[in-house]
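Since the structure comes first, as structure tokens, the remarks are kept for the end.
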Amino acid sequence: MSTATAKWFVCALLAAAQATGYRVAIEGWRQQHEAELKAEDGWLAVAGLFWLKEGPNSFGAAPSNDIVLPAGAAARAGVFRFQQGQTVLETDPNATVTLKGKRVTRVEMRPDSAGSPTMVALGDLTLHVIRRGTRFGIRLKDKNSKPRREFRGLSWFPVSPSYRATGRFHRYPAPKTLRIVSILGDVEELPSPGYVVFRVGGRHCRLEPVVSTPGELFFVLKDGTSGRGTYPGGRFLDVEIPKGEQIVLDFNKAYNPPCALNPYTTCPVPPRQNHLPVSIEAGEIFQASR
């Protein structure tokens, strides 16, 4: 074997090893994503969403309650007293409601918009307050929900390094506020620190992310596959905020919003500037029958 042939052979082996390592890493990320979805407190456990009205909002398994819980819960568990954005839980004497494992009779409920929300439990059920725009509601999670019991896994495009795009992150002089609309019409204002330009599928593209989790850029986007293999309402992509200008957008990690799995969610809609002029056949596939 000539020296040139030997070098080519070594390079080919290294390239194959790198490709295999990359594929294994992406598949590991996808497995972790699925595990988070089907966790006891994951999106598949969401079993209800109830918007609060001013005054008392009763909850329990009896149909006469404002918030009707699944069969097996106390017929009347208590009330959520909602007044001018503040929610106070008052429990019924015959119901066992706990907070961090300890029984409570009255507690002020902090919403998710204030950070970590106050989570109360009734057996296998948990309830907490969410805020969406100007509305407040009670989100119900059930460890035994039908979507969680019947979950059979997600479907994905084959891992393709060609959809790992390296781009440039352009920072704004000061964070820009983006109005993000949800599927229910609620509007949230979130900070956007900049925009990203990159090339994928032979096209120059631009995306504008927001920050909803410290240290991460959150992309809400649509592309040519939306409604043609991927979720019609768009997809999400999370990327660590880069220290410099270079940024990597790995669309093999693009995933469907919780709305693709659960009707009790309030997913954001991709803003017009995040509609890409290219089909990105990477990441999670949408199957309506699931």
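Just remember, in the structure tokens the first chain shown is A, the second B, etc., residues are 1-based per chain, and ligands are 1-based in the order shown.
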**OP:** Do a neighbour search on A:Glu208 at 9 Å with only C-alpha atoms, toss out local chain neighbours closer than 6 positions, and write the hits as a list in words.
**Re:** Ser192, Pro193, Gly194, Tyr195, Val196, Phe218, Phe219, Val220, Pro271, Gln273 and Asn274 of chain A
Can I get the selection written as a PDB file, in the first residue's frame, with C-alpha atoms?
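Output contents, as saved in result-v5.pdb:
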```pdb
ATOM      1  CA  SER A 192     -34.688  38.447  21.349  1.00  0.00           C
ATOM      2  CA  PRO A 193     -30.932  39.103  21.645  1.00  0.00           C
ATOM      3  CA  GLY A 194     -30.255  38.941  17.911  1.00  0.00           C
ATOM      4  CA  TYR A 195     -30.796  37.009  14.683  1.00  0.00           C
ATOM      5  CA  VAL A 196     -29.021  34.171  12.896  1.00  0.00           C
ATOM      6  CA  PHE A 218     -35.458  29.261  21.389  1.00  0.00           C
ATOM      7  CA  PHE A 219     -36.368  29.058  17.698  1.00  0.00           C
ATOM      8  CA  VAL A 220     -40.012  28.708  16.615  1.00  0.00           C
ATOM      9  CA  PRO A 271     -43.571  34.502  13.579  1.00  0.00           C
ATOM     10  CA  GLN A 273     -39.923  36.141   9.779  1.00  0.00           C
ATOM     11  CA  ASN A 274     -39.242  32.532  10.833  1.00  0.00           C
TER      12      ASN A 274
END
```
Original post:
When DSSP works through the backbone of this structure, what residues of stretch 26-230 of chain A end up as strand (DSSP E), shown as a PyMOL selection string?
Top reply: chain A and resi 46-51+55-60+67-68+78-83+86-91+98-99+102-103+106-109+120-122+125-132+135-142+155-156+164-181+187-200+203-207+216-221
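Comparing the minimum interatomic distances between A:Glu150 and each of A:Arg30, A:Lys38, A:Lys243, A:Arg235, counting only C-alpha atoms, we find that A:Lys38 sits nearest.
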Subject >> Spatial neighbours of stretch 180-186 of chain A, max dist 8 Å, only C-alpha atoms, sep filter under 3 positions, as a VMD selection string >> reply: chain A and resid 132 to 134 189 to 190 266 to 271
Next, dump the selected residues to file, keeping only C-alpha atoms, as a compact mmCIF listing (two decimals), in the first residue's frame.
```
# COMPACT_ATOMS: atom_id res chain seq x y z
CA ARG A 132 -50.78 33.26 29.05
CA GLY A 133 -51.01 36.90 28.03
CA THR A 134 -53.62 38.41 30.34
CA GLU A 189 -43.56 39.49 24.82
CA LEU A 190 -40.16 37.80 24.95
CA THR A 266 -50.63 26.67 24.50
CA CYS A 267 -47.85 26.48 21.93
CA PRO A 268 -46.40 29.56 20.21
CA VAL A 269 -46.95 30.13 16.50
CA PRO A 270 -43.87 30.77 14.33
CA PRO A 271 -43.57 34.50 13.58
```
Original post:
Looking at A:Glu188, A:Asp41, A:Glu90, A:Glu281, which one is nearest to A:Pro56, with distances taken over only C-alpha atoms?
Top reply: A:Glu90
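Coordinates place atom CA of A:Phe151 at a distance of 26.7 Å from atom CA of A:Gly60.
When the distance limit is 6 Å and only C-alpha atoms are what count, the residues near stretch 115-129 of chain A, minus those fewer than 3 positions from it on the same chain, are Val97, Thr98, Leu99, Met109, Arg110, Pro111, Asp112, Gly137, Ile138, Arg139, Leu140, Lys141, Asp142 and Lys143 of chain A.
Considering only C-alpha atoms, the residue among A:Thr213, A:Gln287, A:Gln32, A:Thr265 positioned nearest to A:Pro232 is A:Gln287.
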Original post:
Between A:Asn94, A:Ser145, A:Ser155, A:Thr87, which one has atoms that come closest to A:Asn57, using only C-alpha atoms?
Top reply: A:Thr87
Original post:
Could you pull out all residues of stretch 43-268 of chain A with a DSSP call of alpha helix (DSSP H) and give them as a ChimeraX atom specification?
Top reply: /A:146-149
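Residue neighbourhood of A:Phe82, excluding near-sequence residues (fewer than 5 positions): Leu52, Lys53, Glu54, Gly55, Pro56, Thr87 and Val88 of chain A, at 7 Å, using only C-alpha atoms.
In this structure, atom CA of A:Glu108 sits 9.4 Å away from atom CA of A:Arg81.
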**OP:** Compile the contact shell of A:Arg199 as a ChimeraX atom specification: residues with an atom at most 9 Å away, counting only C-alpha atoms, same-chain residues fewer than 3 positions apart removed.
**Re:** /A:165-167,202-206
**OP:** For A:Tyr163, work out the shell of residues within 10 Å, counting only C-alpha atoms and skipping chain neighbours fewer than 4 positions away, then give it as an NGL selection string.
**Re:** :A and (159 or 199-201 or 249-253 or 280-283)
Print the selection's residues with C-alpha atoms to a file, as an mmCIF file, in the first residue's frame.
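Result file follows (selection.cif):
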```
data_model
loop_
_atom_site.group_PDB
_atom_site.id
_atom_site.type_symbol
_atom_site.label_atom_id
_atom_site.label_comp_id
_atom_site.auth_asym_id
_atom_site.auth_seq_id
_atom_site.Cartn_x
_atom_site.Cartn_y
_atom_site.Cartn_z
ATOM 1 C CA VAL A 159 -29.784 11.648 11.018
ATOM 2 C CA ARG A 199 -27.221 28.316 4.738
ATOM 3 C CA VAL A 200 -29.177 25.066 4.537
ATOM 4 C CA GLY A 201 -30.532 23.061 1.611
ATOM 5 C CA LEU A 249 -28.169 25.068 14.180
ATOM 6 C CA ASP A 250 -28.583 21.296 14.178
ATOM 7 C CA PHE A 251 -31.964 20.609 12.622
ATOM 8 C CA ASN A 252 -31.579 16.918 13.411
ATOM 9 C CA LYS A 253 -32.718 18.076 16.872
ATOM 10 C CA ILE A 280 -35.716 20.789 6.031
ATOM 11 C CA GLU A 281 -36.187 17.022 6.070
ATOM 12 C CA ALA A 282 -34.571 16.586 9.473
ATOM 13 C CA GLY A 283 -35.681 16.221 13.049
#
```
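When only C-alpha atoms are used to compute distances to A:Leu217, the closest of the residues A:Gly234, A:Pro242, A:Gly28, A:Gly42 turns out to be A:Pro242.
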**OP:** May I ask for the distance between atom CA of A:Ala61 and atom CA of A:Ala74, given in Å to one decimal place?
**Re:** 5.8 Å
Subject >> Top pick for closest residue to A:Gly244, considering A:His170, A:Val68, A:Pro209, A:Gln83 and counting only C-alpha atoms >> reply: A:His170
